[in-house]
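J.: For reference, this is coords-v5.cif, and it has mmCIF, C-alpha atoms.
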```cif
data_work
loop_
_atom_site.label_atom_id
_atom_site.label_comp_id
_atom_site.auth_asym_id
_atom_site.auth_seq_id
_atom_site.Cartn_x
_atom_site.Cartn_y
_atom_site.Cartn_z
CA MET A 1 25.49 19.06 -39.09
CA ALA A 2 24.59 15.45 -38.25
CA PRO A 3 23.11 14.91 -34.77
CA ASP A 4 25.34 13.54 -32.01
CA ARG A 5 24.17 9.92 -31.91
CA THR A 6 25.77 9.42 -28.51
CA LYS A 7 23.02 11.68 -27.16
CA ILE A 8 20.16 9.90 -28.96
CA VAL A 9 18.57 7.17 -26.89
CA ALA A 10 15.58 4.99 -27.60
CA PHE A 11 13.50 4.02 -24.58
CA VAL A 12 10.84 1.32 -24.67
CA GLY A 13 8.49 0.57 -21.80
CA LEU A 14 7.16 3.61 -19.96
CA GLY A 15 5.47 2.15 -16.92
CA GLN A 16 5.93 3.63 -13.46
CA MET A 17 9.67 3.00 -13.48
CA GLY A 18 10.40 3.47 -17.17
CA ARG A 19 8.75 6.86 -17.44
CA GLN A 20 10.76 8.17 -14.50
CA MET A 21 13.96 6.90 -16.10
CA ALA A 22 13.07 8.47 -19.44
CA GLN A 23 12.36 11.81 -17.79
CA ARG A 24 15.78 11.70 -16.13
CA LEU A 25 17.44 11.10 -19.50
CA ALA A 26 15.49 13.93 -21.11
CA GLY A 27 16.53 16.25 -18.29
CA ALA A 28 20.17 15.32 -18.90
CA GLY A 29 19.95 16.41 -22.53
CA PHE A 30 19.41 13.07 -24.26
CA ALA A 31 17.12 13.14 -27.30
CA LEU A 32 14.53 10.41 -26.75
CA ARG A 33 12.88 8.09 -29.23
CA VAL A 34 10.17 6.33 -27.25
CA TRP A 35 7.61 3.57 -27.52
CA ASN A 36 5.06 2.24 -25.08
CA ARG A 37 2.27 -0.28 -25.51
CA THR A 38 -0.19 2.36 -24.26
CA ARG A 39 0.76 5.30 -26.45
CA SER A 40 -0.68 7.96 -24.13
CA ARG A 41 2.00 7.17 -21.54
CA ALA A 42 4.68 7.92 -24.13
CA GLU A 43 3.28 11.32 -25.00
CA GLY A 44 4.23 14.44 -23.11
CA LEU A 45 7.87 13.57 -22.42
CA PRO A 46 10.03 16.67 -23.07
CA GLY A 47 11.47 16.56 -26.56
CA ALA A 48 10.61 12.89 -27.10
CA GLN A 49 9.59 11.44 -30.45
CA VAL A 50 6.89 8.80 -30.11
CA PHE A 51 6.97 5.79 -32.44
CA ASP A 52 4.44 3.10 -33.31
CA SER A 53 6.72 0.12 -32.67
CA PRO A 54 9.88 -0.75 -30.72
CA ARG A 55 11.55 -1.48 -34.05
CA GLU A 56 10.94 2.06 -35.31
CA ALA A 57 12.11 3.63 -32.05
CA ALA A 58 15.33 1.59 -32.05
CA ALA A 59 16.14 2.22 -35.72
CA GLY A 60 17.35 5.77 -35.14
CA ALA A 61 19.51 5.15 -32.08
CA ASP A 62 22.67 3.24 -31.24
CA LEU A 63 21.58 2.82 -27.61
CA VAL A 64 18.21 1.44 -26.51
CA LEU A 65 17.01 1.13 -22.93
CA SER A 66 14.07 -1.07 -22.00
CA SER A 67 11.97 -1.24 -18.84
CA LEU A 68 9.42 -4.03 -19.13
CA ALA A 69 7.32 -6.05 -16.69
CA ASP A 70 8.37 -9.67 -17.22
CA ASP A 71 9.99 -12.27 -19.49
CA GLN A 72 6.97 -12.46 -21.78
CA ALA A 73 6.93 -8.70 -22.37
CA VAL A 74 10.69 -8.60 -22.95
CA ARG A 75 10.55 -11.42 -25.51
CA GLN A 76 7.74 -9.77 -27.42
CA VAL A 77 9.07 -6.21 -27.33
CA VAL A 78 12.72 -7.05 -27.94
CA LEU A 79 12.72 -10.23 -30.02
CA GLY A 80 9.41 -9.94 -31.87
CA ALA A 81 9.10 -9.11 -35.57
CA ASP A 82 8.64 -5.41 -34.75
CA GLY A 83 10.95 -5.55 -31.76
CA VAL A 84 14.05 -3.72 -30.65
CA ALA A 85 16.48 -6.27 -32.11
CA ALA A 86 14.91 -5.95 -35.56
CA GLY A 87 15.42 -2.18 -35.59
CA LEU A 88 18.66 -1.63 -33.69
CA PRO A 89 21.56 -1.00 -36.10
CA ALA A 90 24.55 -3.35 -36.20
CA GLY A 91 26.94 -2.30 -33.47
CA GLY A 92 24.09 -0.95 -31.36
CA VAL A 93 23.61 -1.68 -27.66
CA HIS A 94 20.42 -2.76 -25.92
CA VAL A 95 20.39 -2.06 -22.18
CA GLY A 96 17.76 -4.08 -20.33
CA THR A 97 16.78 -2.74 -16.91
CA SER A 98 14.07 -5.34 -16.24
CA THR A 99 14.18 -8.16 -13.71
CA ILE A 100 14.27 -11.28 -15.88
CA SER A 101 15.18 -14.95 -15.77
CA LEU A 102 18.72 -16.21 -16.27
CA ARG A 103 17.54 -18.13 -19.33
CA LEU A 104 16.19 -15.00 -20.98
CA ALA A 105 19.36 -13.06 -20.18
CA GLU A 106 21.35 -15.69 -22.08
CA GLU A 107 18.81 -15.69 -24.91
CA LEU A 108 19.12 -11.92 -25.31
CA VAL A 109 22.91 -12.09 -25.44
CA GLU A 110 22.71 -14.71 -28.20
CA ALA A 111 19.95 -12.99 -30.18
CA HIS A 112 21.68 -9.62 -30.19
CA GLY A 113 25.06 -11.20 -30.92
CA ALA A 114 23.63 -12.90 -34.00
CA ARG A 115 22.76 -9.41 -35.31
CA ALA A 116 26.18 -7.92 -34.44
CA GLN A 117 24.55 -6.04 -31.56
CA SER A 118 25.33 -6.11 -27.84
CA TYR A 119 23.11 -6.75 -24.82
CA VAL A 120 23.88 -5.19 -21.45
CA ALA A 121 21.93 -6.32 -18.42
CA ALA A 122 21.40 -3.31 -16.15
CA PRO A 123 18.70 -4.21 -13.61
CA VAL A 124 18.11 -1.59 -10.96
CA LEU A 125 17.38 -1.39 -7.25
CA GLY A 126 14.96 1.29 -6.11
CA ARG A 127 11.38 2.39 -6.45
CA PRO A 128 9.96 4.76 -9.10
CA ASP A 129 10.37 7.78 -6.82
CA ALA A 130 14.07 6.95 -6.47
CA ALA A 131 14.31 6.68 -10.27
CA GLY A 132 12.83 10.15 -10.56
CA ARG A 133 15.55 11.51 -8.28
CA GLY A 134 18.35 9.60 -10.01
CA GLU A 135 18.97 7.50 -6.90
CA LEU A 136 18.75 3.98 -8.29
CA TRP A 137 21.54 1.44 -7.90
CA VAL A 138 22.41 -0.07 -11.27
CA MET A 139 23.87 -3.55 -11.70
CA THR A 140 25.69 -4.06 -14.99
CA GLY A 141 26.69 -7.18 -16.86
CA GLY A 142 27.86 -7.77 -20.39
CA ASP A 143 30.64 -6.95 -22.83
CA GLN A 144 32.75 -4.28 -21.16
CA ALA A 145 32.95 -2.06 -24.24
CA ALA A 146 29.16 -2.11 -24.49
CA VAL A 147 28.82 -1.38 -20.77
CA ALA A 148 31.15 1.59 -21.20
CA ARG A 149 29.02 2.94 -24.03
CA ALA A 150 25.92 2.68 -21.85
CA ALA A 151 27.60 4.24 -18.80
CA PRO A 152 26.77 7.94 -19.49
CA ALA A 153 23.06 7.18 -19.81
CA LEU A 154 23.07 4.89 -16.78
CA ALA A 155 24.88 7.54 -14.74
CA CYS A 156 21.80 9.75 -15.12
CA LEU A 157 19.61 7.10 -13.54
CA GLY A 158 21.48 6.09 -10.43
CA GLN A 159 23.79 6.91 -7.59
CA GLY A 160 26.16 4.12 -8.57
CA GLN A 161 26.88 1.30 -10.99
CA ILE A 162 28.01 -2.09 -9.73
CA PRO A 163 29.74 -4.34 -12.30
CA LEU A 164 28.80 -7.99 -11.98
CA GLY A 165 30.43 -9.74 -14.93
CA SER A 166 28.14 -11.27 -17.53
CA ALA A 167 24.53 -10.39 -18.31
CA ARG A 168 23.48 -13.68 -16.70
CA GLN A 169 25.35 -12.82 -13.51
CA ALA A 170 23.79 -9.36 -13.32
CA ALA A 171 20.35 -10.90 -13.80
CA LEU A 172 21.05 -13.38 -10.99
CA ALA A 173 22.28 -10.63 -8.67
CA LYS A 174 19.03 -8.72 -9.16
CA LEU A 175 16.96 -11.79 -8.38
CA LEU A 176 18.98 -12.34 -5.22
CA ALA A 177 18.56 -8.73 -4.15
CA ASN A 178 14.80 -9.00 -4.52
CA PHE A 179 14.86 -12.34 -2.71
CA MET A 180 16.62 -10.58 0.18
CA ILE A 181 13.93 -7.89 0.21
CA ALA A 182 11.18 -10.52 0.24
CA GLY A 183 12.93 -12.36 3.05
CA THR A 184 13.26 -9.17 5.05
CA ILE A 185 9.56 -8.42 4.62
CA GLU A 186 8.80 -11.95 5.78
CA LEU A 187 10.94 -11.52 8.91
CA LEU A 188 9.39 -8.15 9.68
CA ALA A 189 5.92 -9.62 9.25
CA GLU A 190 6.62 -12.50 11.60
CA ALA A 191 8.38 -10.36 14.21
CA THR A 192 5.71 -7.65 14.33
CA THR A 193 2.92 -10.24 14.41
CA LEU A 194 4.44 -12.10 17.35
CA GLY A 195 5.23 -8.82 19.08
CA GLU A 196 1.67 -7.58 18.73
CA LYS A 197 0.31 -10.87 20.05
CA GLY A 198 2.52 -10.33 23.10
CA GLY A 199 1.43 -6.73 23.59
CA VAL A 200 4.33 -4.91 21.88
CA ALA A 201 3.10 -2.40 19.29
CA PRO A 202 4.48 -2.90 15.76
CA ALA A 203 5.55 0.75 15.56
CA ALA A 204 7.56 0.38 18.77
CA LEU A 205 9.30 -2.71 17.42
CA ILE A 206 10.18 -1.02 14.14
CA GLU A 207 11.60 1.96 16.03
CA LEU A 208 13.69 -0.45 18.12
CA PHE A 209 14.96 -2.30 15.05
CA THR A 210 15.81 0.78 12.98
CA ARG A 211 17.44 2.75 15.83
CA THR A 212 19.71 -0.12 16.82
CA LEU A 213 20.99 -2.98 14.66
CA PHE A 214 18.69 -3.02 11.63
CA GLY A 215 18.58 0.53 10.29
CA SER A 216 18.64 -0.30 6.59
CA PRO A 217 16.36 1.51 4.11
CA ILE A 218 14.47 -1.76 3.52
CA VAL A 219 13.73 -2.31 7.21
CA LYS A 220 12.77 1.34 7.66
CA GLY A 221 10.59 1.49 4.57
CA TYR A 222 8.80 -1.84 4.71
CA GLY A 223 8.79 -1.93 8.50
CA GLY A 224 7.03 1.42 8.56
CA ARG A 225 4.42 0.26 6.05
CA ILE A 226 3.79 -2.95 7.93
CA ALA A 227 3.46 -1.15 11.26
CA ALA A 228 1.02 1.35 9.75
CA GLY A 229 -0.83 -1.18 7.59
CA GLU A 230 -0.24 1.02 4.55
CA PHE A 231 0.06 -1.03 1.37
CA ARG A 232 -1.55 1.23 -1.21
CA PRO A 233 -0.62 2.82 -3.47
CA ALA A 234 1.79 0.07 -4.40
CA GLY A 235 5.36 0.95 -5.17
CA PHE A 236 5.89 -2.67 -6.24
CA ALA A 237 2.68 -4.65 -6.50
CA VAL A 238 2.10 -8.18 -5.21
CA PRO A 239 2.06 -9.85 -8.69
CA LEU A 240 5.45 -8.34 -9.56
CA GLY A 241 6.91 -9.42 -6.24
CA LEU A 242 5.59 -12.93 -6.78
CA LYS A 243 7.09 -13.01 -10.27
CA ASP A 244 10.53 -12.09 -8.96
CA VAL A 245 10.45 -14.59 -6.09
CA GLU A 246 9.42 -17.31 -8.53
CA LEU A 247 12.29 -16.36 -10.84
CA ALA A 248 14.68 -16.68 -7.89
CA LEU A 249 13.25 -20.13 -7.18
CA GLU A 250 13.65 -21.08 -10.83
CA ALA A 251 17.31 -20.06 -10.69
CA ALA A 252 17.72 -21.99 -7.44
CA ARG A 253 16.27 -25.09 -9.05
CA ASP A 254 18.51 -24.79 -12.12
CA LEU A 255 21.61 -24.20 -10.00
CA ARG A 256 20.61 -26.76 -7.35
CA ALA A 257 20.70 -24.38 -4.38
CA PRO A 258 17.58 -24.57 -2.20
CA LEU A 259 15.89 -21.31 -1.17
CA PRO A 260 13.41 -22.32 1.54
CA ALA A 261 12.83 -18.74 2.67
CA ALA A 262 11.83 -17.82 -0.89
CA SER A 263 9.31 -20.65 -0.92
CA LEU A 264 7.69 -19.28 2.23
CA ALA A 265 7.54 -15.73 0.86
CA ARG A 266 6.08 -17.06 -2.40
CA ASP A 267 3.29 -18.83 -0.56
CA HIS A 268 2.41 -15.72 1.42
CA LEU A 269 2.37 -13.60 -1.75
CA ILE A 270 0.04 -16.15 -3.34
CA GLY A 271 -2.08 -15.89 -0.20
CA ALA A 272 -2.28 -12.12 -0.65
CA LEU A 273 -3.46 -12.59 -4.24
CA ALA A 274 -6.05 -15.13 -3.09
CA ARG A 275 -7.43 -12.45 -0.75
CA GLY A 276 -7.90 -9.95 -3.58
CA ARG A 277 -4.82 -7.85 -2.86
CA ALA A 278 -3.27 -7.78 -6.33
CA ASP A 279 -3.07 -3.98 -6.34
CA TRP A 280 -1.43 -3.81 -2.89
CA ASP A 281 2.30 -3.39 -2.38
CA TRP A 282 4.15 -6.68 -2.01
CA GLY A 283 4.76 -5.77 1.61
CA ALA A 284 1.19 -7.00 1.98
CA LEU A 285 2.55 -10.53 2.36
CA ALA A 286 2.66 -9.40 6.00
CA THR A 287 -1.14 -9.35 6.07
CA VAL A 288 -1.25 -13.08 5.39
CA VAL A 289 1.13 -13.68 8.31
CA ARG A 290 -1.08 -11.54 10.56
CA GLU A 291 -4.23 -13.41 9.59
CA ALA A 292 -2.58 -16.77 10.22
CA ALA A 293 -2.01 -15.57 13.80
CA GLY A 294 -5.62 -14.47 14.20
CA LEU A 295 -4.96 -10.73 13.86
CA SER A 296 -7.16 -8.48 11.78
CA VAL A 297 -6.02 -6.61 8.69
CA ARG A 298 -6.96 -3.01 8.02
CA GLU A 299 -7.90 -2.14 4.45
CA PRO A 300 -5.38 0.43 3.18
#
```
Before we go any further, please render this structure as structure tokens.

T.:
Amino acid sequence: MAPDRTKIVAFVGLGQMGRQMAQRLAGAGFALRVWNRTRSRAEGLPGAQVFDSPREAAAGADLVLSSLADDQAVRQVVLGADGVAAGLPAGGVHVGTSTISLRLAEELVEAHGARAQSYVAAPVLGRPDAAGRGELWVMTGGDQAAVARAAPALACLGQGQIPLGSARQAALAKLLANFMIAGTIELLAEATTLGEKGGVAPAALIELFTRTLFGSPIVKGYGGRIAAGEFRPAGFAVPLGLKDVELALEAARDLRAPLPAASLARDHLIGALARGRADWDWGALATVVREAAGLSVREP
């Protein structure tokens, strides 16, 4: 009997987030065909077949999910000579979960369309630990028939799927969500810095915020880290945060909608890099705000 191809999924990119996603799919009974630049990270997944190229992994599946760091990695892994697009059969669907530029989202739609394939943008909100628990929020954009085909796999990864129209629109929504997170971190950094200068402990301020009007998971999570000065291990490292803020600024420039708050967060993230904090969580932009006010920074 031929295998049920609806349960065969290729997964490329097994970093912190991707590996958690792949494990969720394996636990839900999907047969995985996997590839990762560092092969050792691809080995050990339950029931997964490891391949030497994205093209080979994609060739045996009608649905491919990718989780990659940035535009450059996506272009190489998906559109390169040995990439996903070269191996995915006609009629297949590529689901991209990465945070990418609007330009690349459009390029992927065109490149897959030229091969009679479909591209679904499905960027996610949540950290790797949330991915491991299946608690991501998934934003979807693309051809609705292709989105429907991807839905069973995406349902394993998250607590909900939010349709946002086209792939470009889903990509923009993810950039804006990350911009909002960066802006919230910036506000928390400024508020706790001023509070501490005036004798109010950061932990007391965060308790005030989260018990009253600002009890969101972002304020609780990042506020707690800022108050405690705990930025390692990084759930989302400074260089990745800077990349996403810069992509939001690129979109703002293209669409002619200024994002001054993003510019400020970008500069503070660059400041964190300049201080050797590349392996700290992007919440460490708060340390640059503290130092500008003459406060010390504890090494995490």

J.: For stretch 9-24 of chain A, what centre and edge lengths in Å (one decimal) does the axis-aligned box get once 8 Å is added on each side of all its listed atoms, as JSON?

T.:
```
{"center_x": 12.0, "center_y": 6.2, "center_z": -20.5, "size_x": 29.1, "size_y": 27.2, "size_z": 30.1}
```

J.: What's the 6 Å shell around stretch 136-142 of chain A, counting all atoms listed in the file, without same-chain residues fewer than 3 positions away, as a ChimeraX atom specification?

T.: /A:120-126,130-131,158-167,170

J.: Go through the shown structure with the PyMOL selection byres ((chain A and resi 150) around 9) and write out the matching residues as a VMD selection string.

T.: chain A and resid 63 93 to 95 120 145 to 149 151 to 155

J.: Take the PyMOL selection byres ((chain A and resi 230) around 10), apply it to the structure above, and return the hits as a list in words.

T.: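 On this input, the PyMOL selection byres ((chain A and resi 230) around 10) captures Tyr222, Gly224, Arg225, Ile226, Ala227, Ala228, Gly229, Phe231, Arg232, Pro233, Ala234, Trp280, Asp281, Gly283, Ala284, Arg298, Glu299 and Pro300 of chain A.
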
J.: Mind giving me the straight-line distance from atom CA of A:Glu43 to atom CA of A:Gly134 in Å, one decimal?

T.: 21.3 Å

J.: Which of these, A:Leu259, A:Ser101, A:Val219, A:His112, has the shortest distance to A:Leu79 once you count only C-alpha atoms?

T.: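 Nearest candidate to A:Leu79 out of A:Leu259, A:Ser101, A:Val219, A:His112: A:His112.
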
J.: Write out as a count of residues only which residues come within 12 Å of A:Leu188 when counting all atoms listed in the file, dropping same-chain ones fewer than 6 positions away.

T.: 30

J.: Kindly indicate which residue among A:Thr193, A:Gly215, A:Val9, A:Leu65 lies nearest to A:Gln49, using all atoms listed in the file for the distances.

T.: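 Looking only at the distances to A:Gln49, the closest residue turns out to be A:Val9.
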
J.: Report as a PyMOL selection string all protein, DNA and RNA residues lying within 10 Å of A:Leu68, evaluated on all atoms listed in the file, omitting residues in the same chain fewer than 4 positions from it.

T.: chain A and resi 12-15+17-18+36+72-75+77-78+96-100

J.: Dump C-alpha atoms for the selected residues as an mmCIF file, keeping the file's coordinate frame?

T.:
```cif
data_model
loop_
_atom_site.group_PDB
_atom_site.id
_atom_site.type_symbol
_atom_site.label_atom_id
_atom_site.label_comp_id
_atom_site.auth_asym_id
_atom_site.auth_seq_id
_atom_site.Cartn_x
_atom_site.Cartn_y
_atom_site.Cartn_z
ATOM 1 C CA VAL A 12 10.840 1.320 -24.670
ATOM 2 C CA GLY A 13 8.490 0.570 -21.800
ATOM 3 C CA LEU A 14 7.160 3.610 -19.960
ATOM 4 C CA GLY A 15 5.470 2.150 -16.920
ATOM 5 C CA MET A 17 9.670 3.000 -13.480
ATOM 6 C CA GLY A 18 10.400 3.470 -17.170
ATOM 7 C CA ASN A 36 5.060 2.240 -25.080
ATOM 8 C CA GLN A 72 6.970 -12.460 -21.780
ATOM 9 C CA ALA A 73 6.930 -8.700 -22.370
ATOM 10 C CA VAL A 74 10.690 -8.600 -22.950
ATOM 11 C CA ARG A 75 10.550 -11.420 -25.510
ATOM 12 C CA VAL A 77 9.070 -6.210 -27.330
ATOM 13 C CA VAL A 78 12.720 -7.050 -27.940
ATOM 14 C CA GLY A 96 17.760 -4.080 -20.330
ATOM 15 C CA THR A 97 16.780 -2.740 -16.910
ATOM 16 C CA SER A 98 14.070 -5.340 -16.240
ATOM 17 C CA THR A 99 14.180 -8.160 -13.710
ATOM 18 C CA ILE A 100 14.270 -11.280 -15.880
#
```

J.: Work out how far atom CA of A:Thr192 is from atom CA of A:Pro217, in Å to one decimal.

T.: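 Between atom CA of A:Pro217 and atom CA of A:Thr192 the gap is 17.4 Å.
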
J.: Suppose you want the space between atom CA of A:Asp129 and atom CA of A:Gly27; what is it in Å?

T.: 15.5 Å

J.: Enumerate, as a list in words, the protein, DNA and RNA residues whose atoms approach (8.9, -13.5, -4.3) to within 9 Å, taking into account all atoms listed in the file and the coordinate frame of the file.

T.: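 Selection result: Asn178, Phe179, Ile181, Ala182, Gly183, Val238, Pro239, Leu240, Gly241, Leu242, Lys243, Asp244, Val245, Glu246, Leu247, Ala248, Leu249, Ala262, Ser263, Leu264, Ala265, Arg266, Asp267, His268, Leu269 and Trp282 of chain A.
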
J.: Quick check on the file I pasted: which residues fall under the PyMOL selection byres ((chain A and resi 80-87) around 10)? Write them as number ranges by chain.

T.: A: 10-12, 52-61, 64-66, 73-79, 88-90, 92-94, 108, 111-115, 117-119

J.: Please determine, counting all atoms listed in the file, which residue among A:Ala31, A:Ala191, A:Leu213, A:Val297 has the shortest atom-to-atom distance to A:Ala272.

T.: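 Using all atoms listed in the file, A:Ala272 sits closest to A:Val297.
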
J.: Can you sort out stretch 134-146 of chain A so it carries N, CA and C atoms, written as a short mmCIF file (atom, residue, chain, number, x, y, z; two decimals), keeping the file's coordinate frame?

T.:
```cif
data_model
loop_
_atom_site.label_atom_id
_atom_site.label_comp_id
_atom_site.auth_asym_id
_atom_site.auth_seq_id
_atom_site.Cartn_x
_atom_site.Cartn_y
_atom_site.Cartn_z
N GLY A 134 17.03 10.08 -9.58
CA GLY A 134 18.35 9.60 -10.01
C GLY A 134 19.09 8.87 -8.92
N GLU A 135 18.35 8.15 -8.05
CA GLU A 135 18.97 7.50 -6.90
C GLU A 135 18.90 5.97 -6.97
N LEU A 136 18.73 5.42 -8.15
CA LEU A 136 18.75 3.98 -8.29
C LEU A 136 20.18 3.45 -8.13
N TRP A 137 20.28 2.17 -7.79
CA TRP A 137 21.54 1.44 -7.90
C TRP A 137 21.44 0.56 -9.14
N VAL A 138 22.45 0.62 -9.99
CA VAL A 138 22.41 -0.07 -11.27
C VAL A 138 23.44 -1.19 -11.28
N MET A 139 22.98 -2.40 -11.55
CA MET A 139 23.87 -3.55 -11.70
C MET A 139 24.13 -3.77 -13.18
N THR A 140 25.39 -3.91 -13.58
CA THR A 140 25.69 -4.06 -14.99
C THR A 140 26.39 -5.38 -15.28
N GLY A 141 26.04 -5.95 -16.41
CA GLY A 141 26.69 -7.18 -16.86
C GLY A 141 26.66 -7.26 -18.37
N GLY A 142 27.77 -7.66 -18.94
CA GLY A 142 27.86 -7.77 -20.39
C GLY A 142 29.24 -7.41 -20.89
N ASP A 143 29.38 -7.35 -22.21
CA ASP A 143 30.64 -6.95 -22.83
C ASP A 143 31.07 -5.59 -22.29
N GLN A 144 32.31 -5.49 -21.85
CA GLN A 144 32.75 -4.28 -21.16
C GLN A 144 32.74 -3.04 -22.06
N ALA A 145 33.02 -3.21 -23.34
CA ALA A 145 32.95 -2.06 -24.24
C ALA A 145 31.52 -1.56 -24.37
N ALA A 146 30.57 -2.49 -24.41
CA ALA A 146 29.16 -2.11 -24.49
C ALA A 146 28.71 -1.45 -23.19
#
```
